[in-house]
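Report on the following structure.
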Amino acid sequence: MTTELATFAGGCFWCMVEPFDERPGIENIVSGYTGGHVENPTYEQVCSDTTGHVEAVQITFNPDIMPYEKLVDTFWQQIDPTDAGGQFNDRGESYQTAIFYHNETQRQIAEQSKQKLKESGKFNQPIVTPILPAKTFYRAEEEHQDYYKKQSFHYRLYKKGSGREDFIKENWKQGFDKSDLKAKLTPIQYSVTQENGTERPFANEYWDNEDEGIYVDLISGDVLFSSHDKFDANCGWPSFTKPVDPYQIEEKTDTSHRMIRTEVRSKNADSHLGHVFEDGPQDRGGLRYCMNSAAMKFIPKDEMTEKGYENYLYLFN
């Protein structure tokens with residue numbers, strides 16, 4: 001297996017691990033410091049803005065499964081690239097953003113991605129995140145590693161309180177016009193995805209589909225599930241043990257119908273997909289992602305290359 005390194009500075013490194021962690025092709029993520037002139041700096045030294053270092057994450061990844069382009073896209077979607085003085089409530093040199101490239105190919109990809117973002121007109125202010133050659137990376141203290149897992153409650157408060165969470169929702173969500181969707185989707189597709197509806201069990205397109213392939217979000221086209229993770233839950237809806245890429249879904253508490261459930265929505269299209277329960281196969285993680293066929297489109301394995309999903313053929317090797 002071939003692996004590469006990717007290094008990103010996006011403000012507080014606590015918030016830069018979760019978006020990449022547990023995604024396919026990600027082997028390891030380390031929080032640390034880079035870009036400066038002081039060897040083996042401490043957290044306190046870096047925060048004093050006297051070392052030249054920024055807080056950053058270094059990712060070991062398999063480019064055959066997770067291309068560098070996707071990592072760069074994910075990086076942009078975590079930050080305010082117009083802010084040269086830090087990120088959100090965190091101000092100062094150590095919280096500045098940067099992409100640190102490890103080879104010429106990474107530099108070209110990062111530069112092209114930055115130019116594309118400039119030309120998109122998404123932001124009225126200049127894109128100021130620099131693209132720099134990678135320097136020595138120093139691992140941060142252990143308490144900062146996987147902080148979003150170790151201190152999940154405080155992490156959630158911090159991400160919300162700092163302003164990062166709201167900024168991401170306001171600036172990086174894909175916008176889909178409701179009237180256009182109503183014209184393009186069937187009544188049941190619109191009801192499920194836009195109105196949190198539920199289709200009838202045992203009377204939907206994919207509940208008993210056994211073909212090899214992937215299930216993608218009906219609206220955004222993002223990959224959601226693989227046929228390898230599909231199982232017969234005897235509930236009448238397509239059920240899966242896990243998503244292909246956890247980054248592409250969001251889970252929310254659903255208290256409708258006098259029940260407390262965990263709703264599953266697509267990240268980019270913000271479509272209702274279904275719910276996740278803890279009554280799945282215990283030998284496969286114990287989860288059951290119970291989805292609506294009307295929220296997804298099935299791409300057979302032999303059509304994946306033709307339809308632009310060749311990067312996901314690894315799922316069937």
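So you can find residues: chains in the structure tokens are A, B, ... in the order shown, residues in each start at 1, and ligands are numbered from 1 in order.
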
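Within 8 Å of segment 65-75 of chain A there are Ala6, Phe8, Gly10, Pro19, Phe20, Pro24, Gly25, Ile26, Phe61, Ile79, Gln106, Ile109, Ala110, Ser113, Asn311, Tyr312 and Tyr314 of chain A, counting only C-alpha atoms and ignoring same-chain residues fewer than 4 positions away.
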
Just C-alpha atoms for this one: save the residues we selected as an mmCIF file, in the first residue's frame.
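Contents of selection-v1.cif, as written:
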data_model
loop_
_atom_site.group_PDB
_atom_site.id
_atom_site.type_symbol
_atom_site.label_atom_id
_atom_site.label_comp_id
_atom_site.auth_asym_id
_atom_site.auth_seq_id
_atom_site.Cartn_x
_atom_site.Cartn_y
_atom_site.Cartn_z
ATOM 1 C CA ALA A 6 -0.824 15.876 3.759
ATOM 2 C CA PHE A 8 -3.039 21.480 6.770
ATOM 3 C CA GLY A 10 -6.870 25.455 9.770
ATOM 4 C CA PRO A 19 -13.466 16.117 9.374
ATOM 5 C CA PHE A 20 -10.759 13.748 8.126
ATOM 6 C CA PRO A 24 -11.771 5.814 3.719
ATOM 7 C CA GLY A 25 -8.082 5.859 2.896
ATOM 8 C CA ILE A 26 -7.067 7.816 6.008
ATOM 9 C CA PHE A 61 -3.427 8.720 3.531
ATOM 10 C CA ILE A 79 -12.115 27.296 7.404
ATOM 11 C CA GLN A 106 0.396 18.448 -4.243
ATOM 12 C CA ILE A 109 -3.394 20.531 -6.953
ATOM 13 C CA ALA A 110 -3.540 23.006 -4.071
ATOM 14 C CA SER A 113 -8.030 24.350 -6.013
ATOM 15 C CA ASN A 311 -12.284 5.968 -7.263
ATOM 16 C CA TYR A 312 -14.704 3.791 -5.293
ATOM 17 C CA TYR A 314 -11.586 -0.308 -4.295
#

(message) Taking only segment 7-165 of chain A into account, list the residues labelled strand (DSSP E or B) by DSSP (computed from the backbone), as a PyMOL selection string.
(response) chain A and resi 7-10+26-34+54-61+86-87+90-91+97-101+131-133+137-139

(request) Enumerate, as a ChimeraX atom specification, the complete set of residues in segment 134-269 of chain A that a backbone-based DSSP assignment places in helix (DSSP H, G or I). (result) /A:142-144,147-150,152-161,164-172,178-184,187-195,227-229,246-248,256-258

Store the residues of this selection in a file with N, CA and C atoms, as a compact mmCIF listing (two decimals), in the first residue's frame.
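What ended up in out.txt:
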# COMPACT_ATOMS: atom_id res chain seq x y z
N GLU A 142 0.12 14.92 24.11
CA GLU A 142 -0.85 13.84 23.97
C GLU A 142 -2.28 14.29 24.23
N GLU A 143 -2.47 15.25 25.15
CA GLU A 143 -3.84 15.67 25.45
C GLU A 143 -4.52 16.34 24.27
N HIS A 144 -3.73 16.76 23.27
CA HIS A 144 -4.31 17.41 22.09
C HIS A 144 -4.62 16.42 20.96
N TYR A 147 -8.64 15.10 20.23
CA TYR A 147 -9.36 15.83 21.27
C TYR A 147 -10.87 15.71 21.11
N TYR A 148 -11.34 15.65 19.86
CA TYR A 148 -12.79 15.60 19.64
C TYR A 148 -13.41 14.31 20.18
N LYS A 149 -12.58 13.29 20.35
CA LYS A 149 -13.05 12.04 20.96
C LYS A 149 -12.86 12.04 22.47
N LYS A 150 -11.70 12.48 22.91
CA LYS A 150 -11.37 12.43 24.34
C LYS A 150 -12.22 13.39 25.16
N SER A 152 -15.26 15.09 24.06
CA SER A 152 -16.28 15.36 23.04
C SER A 152 -17.26 16.46 23.43
N PHE A 153 -17.66 16.50 24.70
CA PHE A 153 -18.62 17.52 25.12
C PHE A 153 -18.01 18.91 25.02
N HIS A 154 -16.80 19.08 25.57
CA HIS A 154 -16.14 20.38 25.49
C HIS A 154 -15.82 20.75 24.06
N TYR A 155 -15.45 19.77 23.25
CA TYR A 155 -15.14 20.02 21.85
C TYR A 155 -16.35 20.59 21.12
N ARG A 156 -17.52 19.99 21.35
CA ARG A 156 -18.74 20.47 20.69
C ARG A 156 -19.06 21.90 21.12
N LEU A 157 -18.93 22.17 22.40
CA LEU A 157 -19.17 23.53 22.89
C LEU A 157 -18.20 24.52 22.25
N TYR A 158 -16.94 24.11 22.18
CA TYR A 158 -15.91 24.98 21.63
C TYR A 158 -16.14 25.25 20.13
N LYS A 159 -16.43 24.21 19.37
CA LYS A 159 -16.63 24.37 17.94
C LYS A 159 -17.81 25.29 17.66
N LYS A 160 -18.86 25.15 18.46
CA LYS A 160 -20.03 26.01 18.31
C LYS A 160 -19.72 27.42 18.80
N GLY A 161 -19.15 27.53 19.99
CA GLY A 161 -18.89 28.83 20.59
C GLY A 161 -17.88 29.67 19.86
N ARG A 164 -17.02 28.62 14.43
CA ARG A 164 -16.66 27.78 13.28
C ARG A 164 -17.86 27.00 12.75
N GLU A 165 -18.62 26.39 13.65
CA GLU A 165 -19.73 25.54 13.22
C GLU A 165 -20.75 26.33 12.40
N ASP A 166 -21.14 27.50 12.87
CA ASP A 166 -22.12 28.30 12.15
C ASP A 166 -21.56 28.82 10.83
N PHE A 167 -20.27 29.17 10.81
CA PHE A 167 -19.66 29.64 9.58
C PHE A 167 -19.70 28.56 8.50
N ILE A 168 -19.38 27.34 8.90
CA ILE A 168 -19.39 26.23 7.94
C ILE A 168 -20.79 26.03 7.37
N LYS A 169 -21.79 26.05 8.24
CA LYS A 169 -23.17 25.85 7.79
C LYS A 169 -23.61 26.96 6.84
N GLU A 170 -23.21 28.18 7.13
CA GLU A 170 -23.66 29.32 6.34
C GLU A 170 -22.92 29.47 5.02
N ASN A 171 -21.67 29.01 4.97
CA ASN A 171 -20.84 29.29 3.81
C ASN A 171 -20.45 28.08 2.96
N TRP A 172 -20.54 26.89 3.54
CA TRP A 172 -20.05 25.73 2.80
C TRP A 172 -21.14 24.71 2.45
N LYS A 178 -35.58 24.71 -3.81
CA LYS A 178 -36.71 23.82 -3.52
C LYS A 178 -37.64 23.70 -4.72
N SER A 179 -37.87 24.79 -5.42
CA SER A 179 -38.79 24.72 -6.56
C SER A 179 -38.21 23.88 -7.69
N ASP A 180 -36.88 23.99 -7.88
CA ASP A 180 -36.24 23.15 -8.90
C ASP A 180 -36.33 21.68 -8.52
N LEU A 181 -36.10 21.39 -7.24
CA LEU A 181 -36.17 20.01 -6.78
C LEU A 181 -37.58 19.45 -6.95
N LYS A 182 -38.58 20.27 -6.65
CA LYS A 182 -39.96 19.80 -6.76
C LYS A 182 -40.29 19.44 -8.21
N ALA A 183 -39.69 20.19 -9.14
CA ALA A 183 -39.94 19.92 -10.55
C ALA A 183 -39.21 18.68 -11.04
N LYS A 184 -38.03 18.41 -10.45
CA LYS A 184 -37.20 17.30 -10.92
C LYS A 184 -37.52 15.97 -10.23
N PRO A 187 -42.97 12.73 -6.56
CA PRO A 187 -43.61 13.12 -5.30
C PRO A 187 -43.02 12.41 -4.07
N ILE A 188 -42.73 11.11 -4.19
CA ILE A 188 -42.20 10.39 -3.02
C ILE A 188 -40.76 10.81 -2.75
N GLN A 189 -39.98 11.06 -3.80
CA GLN A 189 -38.60 11.52 -3.60
C GLN A 189 -38.58 12.88 -2.90
N TYR A 190 -39.46 13.77 -3.31
CA TYR A 190 -39.52 15.09 -2.68
C TYR A 190 -40.00 14.98 -1.24
N SER A 191 -41.00 14.17 -1.02
CA SER A 191 -41.55 13.99 0.33
C SER A 191 -40.48 13.47 1.28
N VAL A 192 -39.74 12.48 0.84
CA VAL A 192 -38.72 11.88 1.71
C VAL A 192 -37.57 12.85 1.95
N THR A 193 -36.98 13.38 0.88
CA THR A 193 -35.75 14.16 1.02
C THR A 193 -35.99 15.55 1.59
N GLN A 194 -37.11 16.19 1.25
CA GLN A 194 -37.33 17.58 1.63
C GLN A 194 -38.34 17.76 2.76
N GLU A 195 -39.18 16.75 2.99
CA GLU A 195 -40.23 16.87 4.00
C GLU A 195 -40.13 15.79 5.07
N SER A 227 -22.94 -1.85 -1.46
CA SER A 227 -23.71 -3.10 -1.38
C SER A 227 -23.03 -4.11 -0.46
N HIS A 228 -21.72 -3.98 -0.26
CA HIS A 228 -21.01 -4.90 0.64
C HIS A 228 -21.43 -4.71 2.10
N ASP A 229 -21.98 -3.56 2.42
CA ASP A 229 -22.41 -3.28 3.79
C ASP A 229 -23.92 -3.36 3.93
N PRO A 246 -18.09 8.50 6.41
CA PRO A 246 -18.88 9.17 7.45
C PRO A 246 -18.98 10.69 7.26
N TYR A 247 -18.04 11.27 6.54
CA TYR A 247 -18.06 12.72 6.32
C TYR A 247 -19.27 13.15 5.51
N GLN A 248 -19.83 12.23 4.72
CA GLN A 248 -20.91 12.60 3.82
C GLN A 248 -22.29 12.54 4.46
N SER A 256 -39.71 13.39 16.65
CA SER A 256 -41.05 13.34 16.06
C SER A 256 -41.74 12.02 16.38
N HIS A 257 -43.07 12.01 16.25
CA HIS A 257 -43.89 10.81 16.47
C HIS A 257 -43.73 10.23 17.87
N ARG A 258 -43.41 11.12 18.83
CA ARG A 258 -43.29 10.72 20.23
C ARG A 258 -42.22 9.65 20.45

(request) Might you pull out every residue within 8 Å of Ser266 of chain A, with only C-alpha atoms counted and same-chain residues fewer than 3 positions away left off, and present them as a ChimeraX atom specification? (result) /A:217,248-250,269-273

Please produce a file of the residues just selected, as an mmCIF file, in the first residue's frame, where the atoms kept are N, CA and C atoms.
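Output below, filename again-v4.cif:
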data_model
loop_
_atom_site.group_PDB
_atom_site.id
_atom_site.type_symbol
_atom_site.label_atom_id
_atom_site.label_comp_id
_atom_site.auth_asym_id
_atom_site.auth_seq_id
_atom_site.Cartn_x
_atom_site.Cartn_y
_atom_site.Cartn_z
ATOM 1 N N ASP A 217 -26.258 9.757 -2.947
ATOM 2 C CA ASP A 217 -27.306 10.715 -2.622
ATOM 3 C C ASP A 217 -28.021 11.140 -3.898
ATOM 4 N N GLN A 248 -19.826 12.234 4.715
ATOM 5 C CA GLN A 248 -20.914 12.599 3.816
ATOM 6 C C GLN A 248 -22.293 12.544 4.464
ATOM 7 N N ILE A 249 -22.365 12.175 5.728
ATOM 8 C CA ILE A 249 -23.667 12.147 6.399
ATOM 9 C C ILE A 249 -23.607 12.929 7.714
ATOM 10 N N GLU A 250 -24.767 13.340 8.164
ATOM 11 C CA GLU A 250 -24.897 13.992 9.460
ATOM 12 C C GLU A 250 -26.007 13.313 10.248
ATOM 13 N N ALA A 269 -26.394 17.918 0.529
ATOM 14 C CA ALA A 269 -27.740 18.247 0.057
ATOM 15 C C ALA A 269 -28.713 18.502 1.198
ATOM 16 N N ASP A 270 -28.323 18.135 2.410
ATOM 17 C CA ASP A 270 -29.188 18.261 3.585
ATOM 18 C C ASP A 270 -30.514 17.544 3.370
ATOM 19 N N SER A 271 -30.459 16.393 2.717
ATOM 20 C CA SER A 271 -31.651 15.584 2.472
ATOM 21 C C SER A 271 -31.872 14.606 3.620
ATOM 22 N N HIS A 272 -33.124 14.373 3.936
ATOM 23 C CA HIS A 272 -33.455 13.305 4.878
ATOM 24 C C HIS A 272 -33.222 11.969 4.186
ATOM 25 N N LEU A 273 -32.462 11.097 4.832
ATOM 26 C CA LEU A 273 -32.170 9.770 4.270
ATOM 27 C C LEU A 273 -32.905 8.664 5.009
#

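Distance check against Ile127 of chain A using only C-alpha atoms: of A:Thr60, A:Ser94, A:Thr253, A:Thr82, the minimum falls on A:Thr82.
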
(request) Tell me, in Å to one decimal, how far atom CA of Glu55 of chain A is from atom CA of Gln96 of chain A. (result) 8.1 Å

(request) Name the closest residue to Gly35 of chain A among the candidates A:Val216, A:Ile131, A:Val264, A:Met259; distances are taken between atoms, counting only C-alpha atoms. (result) A:Ile131
